[in-house]
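Structure first, commentary second.
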Amino acid sequence: MKKIINKINFAALLLLAGTGSVLAQEAKKSPLSVSVGYHLVNNQAQFVVATLKTKVERRFMPAEDVEVKFYLDKDSASGGVFLGKGKSNTRGRVSMAIAPTAQNAWKASADHKIVAMTAKTDKYNETSTEGSVIKTRVTLDTAEEKGVKMTFEEWKGDKWSPVPGVEFKLGIKRLLSDLNISETETYVTDSLGQVAGTFKREKLPGDEHSNIVLVAKFDDNDTWGSLRFEKTVPWGVVTKKEGGAIGRELWGGRFHSPWWLIAFTYSIIIGVWGTVFYLIYMILKIRTIGKSISKKK
Amino acid sequence: MEQKLSAADEKIISDLLPKKFNRQGYVWIGILLAICAVGVFAYYRQIRYGLVVTGLRDYALWGLYISNFVYFVAVSLVGSLIAAVLRLSGVKWATPITRISEIIAFAAIVFAGISIMLDMGRPDRFYNLFIYGRLQSPIIWDVLVIVTYLCFSFILIYIPLLPDIRLMLNHPEKNPKFLNKIYSFFGEFWHGTEEQKAIRNKAVGVLTIGIVPAAFCIISVDAWLFATTYRPGWDATSSEAYFISGAFLVGCGSVVVAMYVFRKYYGLEKYLTDSHFDKMGKILALLAVLYVYFNITEYMIPFFKLKNSEEAYLNSLLLGHFAPVFWFAILIGMIIPICILVFKKGRTPLPMFITGIMVVIGAWIKRYLIVPPTLLHPFLPMHNVPKNYTTYVPTWEEWAISMATIAGTLLIVTLFTRIFPIIPINELIEERHEKDNQ
Amino acid sequence: METNNTSRKEFLTSLVASGLALAGCSTKKNPFQPAGAGAPAASGEKVKLLSVDGDIIEVDRAYLKPIPEMPFVSNLEERKGIPGKKFVMVIDLARCKNLKKCEIVCNKMHHLHSGVSWLKIYPMQAGEHTAPYWQPTTCMHCDHPPCVKVCPVDATFKRQDGIVLIDANRCVGCRFCMAACPYSIRVFNWENPDIPEELCEQEYSCETSIPQKKGTVGKCDFCPDLIRKSELPHCVTACPNGTFYFGDLNEDVVTNGAETFRFSDLIRDKAGYQLMEDLGTHPSVYFLPPVNRNFSFENGLENE
């Protein structure tokens, strides 16, 4: 484990530079605004995300249930690659994966353009939105105990050069959000493209190996779009988990009645129904006696 | 019968054998059937459109049906009171009224079960109670005790009935054919031999002891349906005793009413004598006093403390919206009956009949007042809900269905009197013989 | 990927797509390998998959990676819950101005019958001279739930992640749970819910609580279908004032989408409490007292 921590990791991240936006309007149809972005989460998954909005009574509302088609480098000589299509959800978002089938076109060039198109529908006019992608990388150094050093660089011509003045957040990954590593909300990269932060969350619950996941990220930056880089460090603590399977409790399932209740109820049931069956037995006995008398007669 | 029957015995038998209904009887049955038919139609509407046809809403989530359920369970307790408690304490005079109380108890418990089903939002899933039944739930306890008590009540009627069925079979020419079939199925084998009698007496002994805990179970579970919640007015620890005393009172009241009606209709003055009414009157008065006592503990002590959560509830019940109904129930259900019954003249048949009716009506209102007033005073305020959510007014469908259940109970009792003797003939004769021997 | 209300087939295909996406650049042993280093070496073993376009495509097995989202959650899994989690909600009473966005979104997303709300905002006032405040009230998802105790058929149940749900396919409509709930949060479908026909035909899921069914009980479900997608419940994201915080107690973190706090810090610093904790219900919802309010109580009266 320690080896991994001390090892300096590199990440080259491809970011969307400048999100394109198209606002189409016609008398009867609602205006549809589409923005398209590229997300690369921790080198694991590459997504193109389109966010659709429409104007309802002068307010922007998510445009739901609109089909969006995604293309990679549509105007290039090769004609580009069709990535796929999807329908926007209730939040007006469609995300599309860059499938392995598109990998060849993807690797062919450093810069890419992504196009999101919507077709003409009853409600909206057709739109076409373009977004471009620049190569960047993040370096996260956690060699120092509970200290985080991060470098942010972009690919300029032929070499990596630091990007100053970018606002970053350093946090710890949790299920539904990221918790800042200290009271400091954001960090801005210096002339070397670096930020440094200290992990101040004492006794933060980690996994069973006391691991937690550090996150360096920014969301919806005007120039750089969204970025997220994660790294596992053993800075958490192992805690006793709450919840878990419900035992023999009154609020347990039907196979988990408390023993005392089972004992109590069944002893009553056995006692009372024992009496009932005893009575039925006696009736049957009277019946048998009676039948034998009838036969004799 | 092996023993010789005297002329007096024959007289008893011919007096008490079930008789064909006269015109009055048919009109009565017609009315009951008509009420049931309207109820069935109302229930069809409830099934079709959902419980929305009732006045029930998210706050008043239980109403007439559950009140009725509680009422029927209470009435059903009388079977064990008269048959078991009096019999165990060696009271002999109660013999002629045992069967009346037993059949009332049986009919009531049948409709208690039906009332629960009427209240269900998904009666089509009733079988879930058996395939997914969960021991922790008081509803399952309820299902268990109702089924158990139903069996007990049936046996309690059946075993003492055996010799009487034989009597009916002795005169098959007097009965319609299909009734003879019923009689021979149920009682053909009874010959009244010493051996059979010994077993029967033993069974009755077991039964009278066994039914007491069963009866206490059913009324306690009934009380626990409410007491296991946190709601103001239900959150009590002694509610079982309160429920039991109330149940004995209403059961006794209904027996008195039935006694009077049967006495009038079948001309049973010789068997249900003034002395019976007098003694029942004393019991009724005692039970009414007991119930007053439990009402005091139930309402006065919480009112003395007036906890925050119970303040609105108690105020509306004792002084506010429900107060007229509440005090009316207290008056006609307890106070006036006690006032009538302390006088010897008050314990004669007609005043007793009127008292009985008052007790029965008062008790029904009391059961009703257990349910909606509590539910209409939740812990969190009733806020931002449609206006009809904040009150409870039963709809015609609910009334029709509820009336149908009551009519159904009466129908069971009425038809029973046509098929079987409503006064246990054999026991009466045996007691006479015992007396003669002494 | 995140489309709602699409047919299950579409849902599955989109998941396949996300599986493919993950396949693009992953090696399990070293997740910090720089991007652009390319896909893992092909194993040579091909697997047939359904593409987004509906075509059958062949992909090398090495590109495939297990995905965190389950394509279909069975009733058994719905009853068990998400392992290792214990969900809690924190409601900051200082931030609520009775805007009702939470309630509106909740009603819409769960396709509730008109007039029915699972989430209610109560005007509360403890005593005659104490200050009134607005109290948004969801299901408390009690750890000792009185409603679950009394259910005769296991139709409402407590999961290991702390969430209390309802199986409307099993509910018999006895309404005992409603009577048992001291918070009066449960509602009943007195009639056929007025929801689109295609929703009615959909198979009921305990996690989405859709579609609601006549004659059964409904209530706030903490949106476990969203949690499985690592999204916040609808009410949390709908509130513009960030009144609701949601999170996993085992992670000790709650978030309202914009801000994230340590749960223990928040409860300690702002003196969090539970509603009617004296009843012994052990609620999973915590309230922060209405001190240093962002809005006066009167602000909220406009929305009454």
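A note on labels: chains of the structure tokens are A, B, ... as shown, every chain counts residues from 1, and ligands are counted from 1 in their shown order.
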Once you count only C-alpha atoms, which residues of chain A turn out to be within 12 Å of chain B? Could you give them as a ChimeraX atom specification? /A:248-266,268-295,297
Proximity of range 102-157 of chain A to range 199-213 of chain A: per-residue shortest pair, 12 Å limit, only C-alpha atoms, as a Markdown table:
```
| residue | atom | partner | partner_atom | distance |
| --- | --- | --- | --- | --- |
| A:Thr142 | CA | A:Phe199 | CA | 10.3 |
| A:Glu144 | CA | A:Phe199 | CA | 10.6 |
| A:Glu145 | CA | A:Phe199 | CA | 8.8 |
| A:Lys146 | CA | A:Phe199 | CA | 5.0 |
| A:Gly147 | CA | A:Phe199 | CA | 6.0 |
| A:Val148 | CA | A:Phe199 | CA | 7.3 |
| A:Lys149 | CA | A:Phe199 | CA | 10.9 |
```
Take the residues that were just selected and, keeping all heavy atoms, output them as a PDB file, in the first residue's frame.
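Written out: result.pdb:
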```pdb
ATOM      1  N   THR A 142       0.938  12.632  -2.688  1.00  0.00           N
ATOM      2  CA  THR A 142       0.516  12.475  -1.296  1.00  0.00           C
ATOM      3  C   THR A 142       1.609  11.810  -0.480  1.00  0.00           C
ATOM      4  O   THR A 142       1.337  11.106   0.488  1.00  0.00           O
ATOM      5  CB  THR A 142      -0.774  11.629  -1.221  1.00  0.00           C
ATOM      6  OG1 THR A 142      -0.543  10.423  -1.957  1.00  0.00           O
ATOM      7  CG2 THR A 142      -1.949  12.360  -1.792  1.00  0.00           C
ATOM      8  N   GLU A 144       3.775  13.176   1.472  1.00  0.00           N
ATOM      9  CA  GLU A 144       3.843  13.740   2.813  1.00  0.00           C
ATOM     10  C   GLU A 144       2.614  13.300   3.615  1.00  0.00           C
ATOM     11  O   GLU A 144       1.508  13.253   3.080  1.00  0.00           O
ATOM     12  CB  GLU A 144       3.827  15.268   2.687  1.00  0.00           C
ATOM     13  CG  GLU A 144       4.359  15.995   3.904  1.00  0.00           C
ATOM     14  CD  GLU A 144       4.280  17.492   3.650  1.00  0.00           C
ATOM     15  OE1 GLU A 144       4.740  17.936   2.579  1.00  0.00           O
ATOM     16  OE2 GLU A 144       3.738  18.178   4.523  1.00  0.00           O
ATOM     17  N   GLU A 145       2.804  12.958   4.873  1.00  0.00           N
ATOM     18  CA  GLU A 145       1.704  12.494   5.707  1.00  0.00           C
ATOM     19  C   GLU A 145       0.612  13.563   5.795  1.00  0.00           C
ATOM     20  O   GLU A 145       0.847  14.673   6.272  1.00  0.00           O
ATOM     21  CB  GLU A 145       2.237  12.134   7.098  1.00  0.00           C
ATOM     22  CG  GLU A 145       1.211  11.557   8.051  1.00  0.00           C
ATOM     23  CD  GLU A 145       0.756  10.150   7.656  1.00  0.00           C
ATOM     24  OE1 GLU A 145       1.358   9.539   6.735  1.00  0.00           O
ATOM     25  OE2 GLU A 145      -0.195   9.672   8.272  1.00  0.00           O
ATOM     26  N   LYS A 146      -0.575  13.233   5.337  1.00  0.00           N
ATOM     27  CA  LYS A 146      -1.741  14.104   5.395  1.00  0.00           C
ATOM     28  C   LYS A 146      -1.563  15.441   4.681  1.00  0.00           C
ATOM     29  O   LYS A 146      -2.255  16.412   4.961  1.00  0.00           O
ATOM     30  CB  LYS A 146      -2.193  14.337   6.848  1.00  0.00           C
ATOM     31  CG  LYS A 146      -2.294  13.036   7.625  1.00  0.00           C
ATOM     32  CD  LYS A 146      -3.550  12.903   8.420  1.00  0.00           C
ATOM     33  CE  LYS A 146      -3.774  11.437   8.770  1.00  0.00           C
ATOM     34  NZ  LYS A 146      -4.737  11.205   9.810  1.00  0.00           N
ATOM     35  N   GLY A 147      -0.618  15.483   3.746  1.00  0.00           N
ATOM     36  CA  GLY A 147      -0.475  16.681   2.920  1.00  0.00           C
ATOM     37  C   GLY A 147      -0.774  16.322   1.474  1.00  0.00           C
ATOM     38  O   GLY A 147      -0.447  15.236   1.019  1.00  0.00           O
ATOM     39  N   VAL A 148      -1.428  17.230   0.773  1.00  0.00           N
ATOM     40  CA  VAL A 148      -1.801  16.962  -0.610  1.00  0.00           C
ATOM     41  C   VAL A 148      -1.152  18.035  -1.497  1.00  0.00           C
ATOM     42  O   VAL A 148      -1.342  19.227  -1.259  1.00  0.00           O
ATOM     43  CB  VAL A 148      -3.323  17.015  -0.798  1.00  0.00           C
ATOM     44  CG1 VAL A 148      -3.695  16.608  -2.213  1.00  0.00           C
ATOM     45  CG2 VAL A 148      -4.022  16.128   0.220  1.00  0.00           C
ATOM     46  N   LYS A 149      -0.350  17.604  -2.487  1.00  0.00           N
ATOM     47  CA  LYS A 149       0.216  18.544  -3.459  1.00  0.00           C
ATOM     48  C   LYS A 149      -0.312  18.163  -4.827  1.00  0.00           C
ATOM     49  O   LYS A 149      -0.249  16.996  -5.214  1.00  0.00           O
ATOM     50  CB  LYS A 149       1.745  18.458  -3.463  1.00  0.00           C
ATOM     51  CG  LYS A 149       2.401  19.536  -2.630  1.00  0.00           C
ATOM     52  CD  LYS A 149       3.892  19.497  -2.819  1.00  0.00           C
ATOM     53  CE  LYS A 149       4.594  20.089  -1.600  1.00  0.00           C
ATOM     54  NZ  LYS A 149       5.983  19.660  -1.522  1.00  0.00           N
TER      55      LYS A 149
END
```
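Taking CA of Pro373 in chain B as the reference point, CA of Ala60 in chain B is found at 8.3 Å.
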List every residue of range 141-175 of chain C that DSSP, applied to the backbone, labels as alpha helix (DSSP H), and write the result as a VMD selection string. chain C and resid 146 to 150
Just the residues within 9 Å of range 83-90 of chain C, please, counting only C-alpha atoms, with nothing from its chain fewer than 3 positions along; format it as a PDB file with N, CA, C and O atoms, in the first residue's frame.
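Final output, saved to around.pdb:
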```
ATOM      1  N   LYS A 241     -19.880  -0.125  11.638  1.00  0.00           N
ATOM      2  CA  LYS A 241     -20.955   0.308  10.739  1.00  0.00           C
ATOM      3  C   LYS A 241     -22.301   0.234  11.438  1.00  0.00           C
ATOM      4  O   LYS A 241     -22.613  -0.756  12.098  1.00  0.00           O
ATOM      5  N   GLU A 242     -23.076   1.291  11.268  1.00  0.00           N
ATOM      6  CA  GLU A 242     -24.447   1.255  11.783  1.00  0.00           C
ATOM      7  C   GLU A 242     -25.361   0.617  10.755  1.00  0.00           C
ATOM      8  O   GLU A 242     -24.994   0.461   9.599  1.00  0.00           O
ATOM      9  N   GLY A 243     -26.556   0.336  11.174  1.00  0.00           N
ATOM     10  CA  GLY A 243     -27.489  -0.327  10.263  1.00  0.00           C
ATOM     11  C   GLY A 243     -27.172  -1.798  10.195  1.00  0.00           C
ATOM     12  O   GLY A 243     -26.739  -2.388  11.180  1.00  0.00           O
ATOM     13  N   GLY A 244     -27.346  -2.384   9.049  1.00  0.00           N
ATOM     14  CA  GLY A 244     -27.091  -3.808   8.905  1.00  0.00           C
ATOM     15  C   GLY A 244     -28.351  -4.618   9.086  1.00  0.00           C
ATOM     16  O   GLY A 244     -29.417  -4.078   9.391  1.00  0.00           O
ATOM     17  N   ALA A 245     -28.202  -5.919   8.895  1.00  0.00           N
ATOM     18  CA  ALA A 245     -29.372  -6.796   8.927  1.00  0.00           C
ATOM     19  C   ALA A 245     -30.104  -6.657  10.255  1.00  0.00           C
ATOM     20  O   ALA A 245     -29.488  -6.486  11.305  1.00  0.00           O
TER      21      ALA A 245
ATOM     22  N   LYS C  80     -33.826  -5.905   1.087  1.00  0.00           N
ATOM     23  CA  LYS C  80     -32.584  -5.973   1.871  1.00  0.00           C
ATOM     24  C   LYS C  80     -31.962  -4.596   2.047  1.00  0.00           C
ATOM     25  O   LYS C  80     -31.506  -4.234   3.111  1.00  0.00           O
ATOM     26  N   MET C 140     -39.633   9.664   8.806  1.00  0.00           N
ATOM     27  CA  MET C 140     -38.485   9.700   9.708  1.00  0.00           C
ATOM     28  C   MET C 140     -37.594   8.465   9.536  1.00  0.00           C
ATOM     29  O   MET C 140     -36.527   8.397  10.106  1.00  0.00           O
ATOM     30  N   HIS C 141     -38.049   7.483   8.798  1.00  0.00           N
ATOM     31  CA  HIS C 141     -37.309   6.231   8.604  1.00  0.00           C
ATOM     32  C   HIS C 141     -36.709   5.759   9.922  1.00  0.00           C
ATOM     33  O   HIS C 141     -35.497   5.545  10.047  1.00  0.00           O
ATOM     34  N   GLN C 160     -31.697  -2.858   5.776  1.00  0.00           N
ATOM     35  CA  GLN C 160     -30.436  -2.763   6.527  1.00  0.00           C
ATOM     36  C   GLN C 160     -29.773  -1.400   6.344  1.00  0.00           C
ATOM     37  O   GLN C 160     -28.949  -1.003   7.155  1.00  0.00           O
ATOM     38  N   ASP C 161     -30.119  -0.647   5.293  1.00  0.00           N
ATOM     39  CA  ASP C 161     -29.552   0.688   5.147  1.00  0.00           C
ATOM     40  C   ASP C 161     -30.406   1.743   5.843  1.00  0.00           C
ATOM     41  O   ASP C 161     -30.204   2.942   5.642  1.00  0.00           O
ATOM     42  N   GLY C 162     -31.370   1.294   6.647  1.00  0.00           N
ATOM     43  CA  GLY C 162     -32.133   2.217   7.467  1.00  0.00           C
ATOM     44  C   GLY C 162     -33.418   2.716   6.846  1.00  0.00           C
ATOM     45  O   GLY C 162     -34.210   3.372   7.507  1.00  0.00           O
ATOM     46  N   ILE C 163     -33.630   2.413   5.569  1.00  0.00           N
ATOM     47  CA  ILE C 163     -34.807   2.955   4.897  1.00  0.00           C
ATOM     48  C   ILE C 163     -36.021   2.066   5.143  1.00  0.00           C
ATOM     49  O   ILE C 163     -35.911   0.844   5.176  1.00  0.00           O
ATOM     50  N   PHE C 222     -37.328   8.098   0.687  1.00  0.00           N
ATOM     51  CA  PHE C 222     -35.905   8.504   0.675  1.00  0.00           C
ATOM     52  C   PHE C 222     -35.282   8.262  -0.713  1.00  0.00           C
ATOM     53  O   PHE C 222     -34.063   8.237  -0.847  1.00  0.00           O
ATOM     54  N   THR C 243     -32.088  23.400   2.407  1.00  0.00           N
ATOM     55  CA  THR C 243     -32.610  23.025   3.725  1.00  0.00           C
ATOM     56  C   THR C 243     -32.309  21.579   4.075  1.00  0.00           C
ATOM     57  O   THR C 243     -32.048  21.250   5.220  1.00  0.00           O
ATOM     58  N   PHE C 244     -32.349  20.720   3.064  1.00  0.00           N
ATOM     59  CA  PHE C 244     -32.205  19.283   3.322  1.00  0.00           C
ATOM     60  C   PHE C 244     -30.761  18.835   3.093  1.00  0.00           C
ATOM     61  O   PHE C 244     -30.162  19.169   2.066  1.00  0.00           O
ATOM     62  N   TYR C 245     -30.249  18.087   4.032  1.00  0.00           N
ATOM     63  CA  TYR C 245     -28.959  17.411   3.842  1.00  0.00           C
ATOM     64  C   TYR C 245     -29.220  15.921   3.861  1.00  0.00           C
ATOM     65  O   TYR C 245     -30.063  15.448   4.617  1.00  0.00           O
ATOM     66  N   PHE C 246     -28.487  15.205   3.053  1.00  0.00           N
ATOM     67  CA  PHE C 246     -28.696  13.762   3.000  1.00  0.00           C
ATOM     68  C   PHE C 246     -27.346  13.085   2.927  1.00  0.00           C
ATOM     69  O   PHE C 246     -26.404  13.619   2.344  1.00  0.00           O
ATOM     70  N   GLY C 247     -27.222  11.929   3.515  1.00  0.00           N
ATOM     71  CA  GLY C 247     -25.952  11.219   3.425  1.00  0.00           C
ATOM     72  C   GLY C 247     -25.969   9.891   4.153  1.00  0.00           C
ATOM     73  O   GLY C 247     -27.010   9.442   4.630  1.00  0.00           O
ATOM     74  N   ASP C 248     -24.792   9.306   4.201  1.00  0.00           N
ATOM     75  CA  ASP C 248     -24.622   8.000   4.825  1.00  0.00           C
ATOM     76  C   ASP C 248     -23.962   8.204   6.182  1.00  0.00           C
ATOM     77  O   ASP C 248     -22.869   8.763   6.262  1.00  0.00           O
ATOM     78  N   LEU C 249     -24.629   7.763   7.215  1.00  0.00           N
ATOM     79  CA  LEU C 249     -24.108   7.926   8.568  1.00  0.00           C
ATOM     80  C   LEU C 249     -22.773   7.210   8.721  1.00  0.00           C
ATOM     81  O   LEU C 249     -21.890   7.665   9.442  1.00  0.00           O
ATOM     82  N   ASN C 250     -22.604   6.097   8.025  1.00  0.00           N
ATOM     83  CA  ASN C 250     -21.360   5.341   8.128  1.00  0.00           C
ATOM     84  C   ASN C 250     -20.190   6.076   7.481  1.00  0.00           C
ATOM     85  O   ASN C 250     -19.041   5.740   7.719  1.00  0.00           O
ATOM     86  N   GLU C 251     -20.498   7.055   6.636  1.00  0.00           N
ATOM     87  CA  GLU C 251     -19.445   7.896   6.058  1.00  0.00           C
ATOM     88  C   GLU C 251     -19.312   9.206   6.831  1.00  0.00           C
ATOM     89  O   GLU C 251     -18.416   9.995   6.566  1.00  0.00           O
ATOM     90  N   VAL C 254     -22.980  14.478   5.298  1.00  0.00           N
ATOM     91  CA  VAL C 254     -24.260  14.778   4.661  1.00  0.00           C
ATOM     92  C   VAL C 254     -24.066  15.945   3.702  1.00  0.00           C
ATOM     93  O   VAL C 254     -23.182  16.777   3.903  1.00  0.00           O
ATOM     94  N   THR C 255     -24.895  15.994   2.681  1.00  0.00           N
ATOM     95  CA  THR C 255     -24.756  17.067   1.694  1.00  0.00           C
ATOM     96  C   THR C 255     -26.126  17.532   1.233  1.00  0.00           C
ATOM     97  O   THR C 255     -27.088  16.774   1.241  1.00  0.00           O
ATOM     98  N   PHE C 263     -21.435  14.944   9.279  1.00  0.00           N
ATOM     99  CA  PHE C 263     -22.700  14.825   9.994  1.00  0.00           C
ATOM    100  C   PHE C 263     -22.520  15.116  11.483  1.00  0.00           C
ATOM    101  O   PHE C 263     -23.247  15.907  12.073  1.00  0.00           O
ATOM    102  N   LEU C 266     -21.973  18.794  12.200  1.00  0.00           N
ATOM    103  CA  LEU C 266     -23.186  19.585  11.985  1.00  0.00           C
ATOM    104  C   LEU C 266     -24.149  19.426  13.158  1.00  0.00           C
ATOM    105  O   LEU C 266     -24.675  20.407  13.695  1.00  0.00           O
ATOM    106  N   ILE C 267     -24.343  18.182  13.585  1.00  0.00           N
ATOM    107  CA  ILE C 267     -25.275  17.917  14.678  1.00  0.00           C
ATOM    108  C   ILE C 267     -24.741  18.512  15.984  1.00  0.00           C
ATOM    109  O   ILE C 267     -25.485  19.080  16.776  1.00  0.00           O
ATOM    110  N   GLY C 272     -28.372  19.545  16.778  1.00  0.00           N
ATOM    111  CA  GLY C 272     -29.417  18.811  16.069  1.00  0.00           C
ATOM    112  C   GLY C 272     -30.231  17.943  17.013  1.00  0.00           C
ATOM    113  O   GLY C 272     -29.738  17.491  18.032  1.00  0.00           O
ATOM    114  N   PRO C 283     -35.591   8.130  15.143  1.00  0.00           N
ATOM    115  CA  PRO C 283     -35.702   8.566  13.746  1.00  0.00           C
ATOM    116  C   PRO C 283     -34.348   8.702  13.055  1.00  0.00           C
ATOM    117  O   PRO C 283     -33.330   8.958  13.704  1.00  0.00           O
ATOM    118  N   SER C 284     -34.352   8.539  11.733  1.00  0.00           N
ATOM    119  CA  SER C 284     -33.152   8.762  10.921  1.00  0.00           C
ATOM    120  C   SER C 284     -33.098  10.185  10.389  1.00  0.00           C
ATOM    121  O   SER C 284     -32.188  10.529   9.654  1.00  0.00           O
ATOM    122  N   VAL C 285     -34.101  10.973  10.703  1.00  0.00           N
ATOM    123  CA  VAL C 285     -34.115  12.368  10.256  1.00  0.00           C
ATOM    124  C   VAL C 285     -33.808  13.246  11.459  1.00  0.00           C
ATOM    125  O   VAL C 285     -34.352  13.054  12.540  1.00  0.00           O
ATOM    126  N   TYR C 286     -32.885  14.170  11.259  1.00  0.00           N
ATOM    127  CA  TYR C 286     -32.477  15.082  12.328  1.00  0.00           C
ATOM    128  C   TYR C 286     -32.860  16.496  11.937  1.00  0.00           C
ATOM    129  O   TYR C 286     -32.847  16.848  10.759  1.00  0.00           O
ATOM    130  N   PHE C 287     -33.191  17.296  12.926  1.00  0.00           N
ATOM    131  CA  PHE C 287     -33.543  18.684  12.663  1.00  0.00           C
ATOM    132  C   PHE C 287     -32.519  19.602  13.318  1.00  0.00           C
ATOM    133  O   PHE C 287     -32.054  19.335  14.429  1.00  0.00           O
ATOM    134  N   LEU C 288     -32.171  20.679  12.601  1.00  0.00           N
ATOM    135  CA  LEU C 288     -31.332  21.709  13.196  1.00  0.00           C
ATOM    136  C   LEU C 288     -32.260  22.837  13.608  1.00  0.00           C
ATOM    137  O   LEU C 288     -33.088  23.286  12.813  1.00  0.00           O
TER     138      LEU C 288
END
```
Output as a list in words the set of chain C residues within 6 Å of chain B, with distances taken over only C-alpha atoms.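 The contacting residues on chain C are Val150, Cys151, Pro152, Val153, Val172, Gly173, Cys174, Ala180, Val187, Trp190, Glu191 and Gly215 of chain C.
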Just to be explicit: take each residue in the selection above, keep C-alpha atoms, and write the result as a compact mmCIF listing (two decimals), in the first residue's frame.
```
# COMPACT_ATOMS: atom_id res chain seq x y z
CA VAL C 150 -47.71 -3.47 13.34
CA CYS C 151 -47.76 -4.43 9.66
CA PRO C 152 -49.51 -7.80 9.43
CA VAL C 153 -48.00 -8.92 6.12
CA VAL C 172 -53.69 -5.27 2.28
CA GLY C 173 -54.77 -1.73 3.13
CA CYS C 174 -55.55 -2.22 6.82
CA ALA C 180 -49.21 3.64 14.45
CA VAL C 187 -51.04 8.53 3.19
CA TRP C 190 -58.35 6.12 -1.30
CA GLU C 191 -59.11 5.84 -5.01
CA GLY C 215 -56.23 0.67 -1.58
```
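The space between CA of Trp399 in chain B and CA of Ala42 in chain B spans 9.0 Å.
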I need the residue nearest chain C from this list: A:Ser30, A:Thr127, A:Gln194, A:Gln103. Use only C-alpha atoms for the distance.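 With only C-alpha atoms as the atom set, the closest residue is A:Gln103.
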Work out how far CA of Ala112 in chain B is from CA of Ile336 in chain B, in Å to one decimal.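 Computing the Euclidean distance for CA of Ile336 in chain B and CA of Ala112 in chain B yields 28.1 Å.
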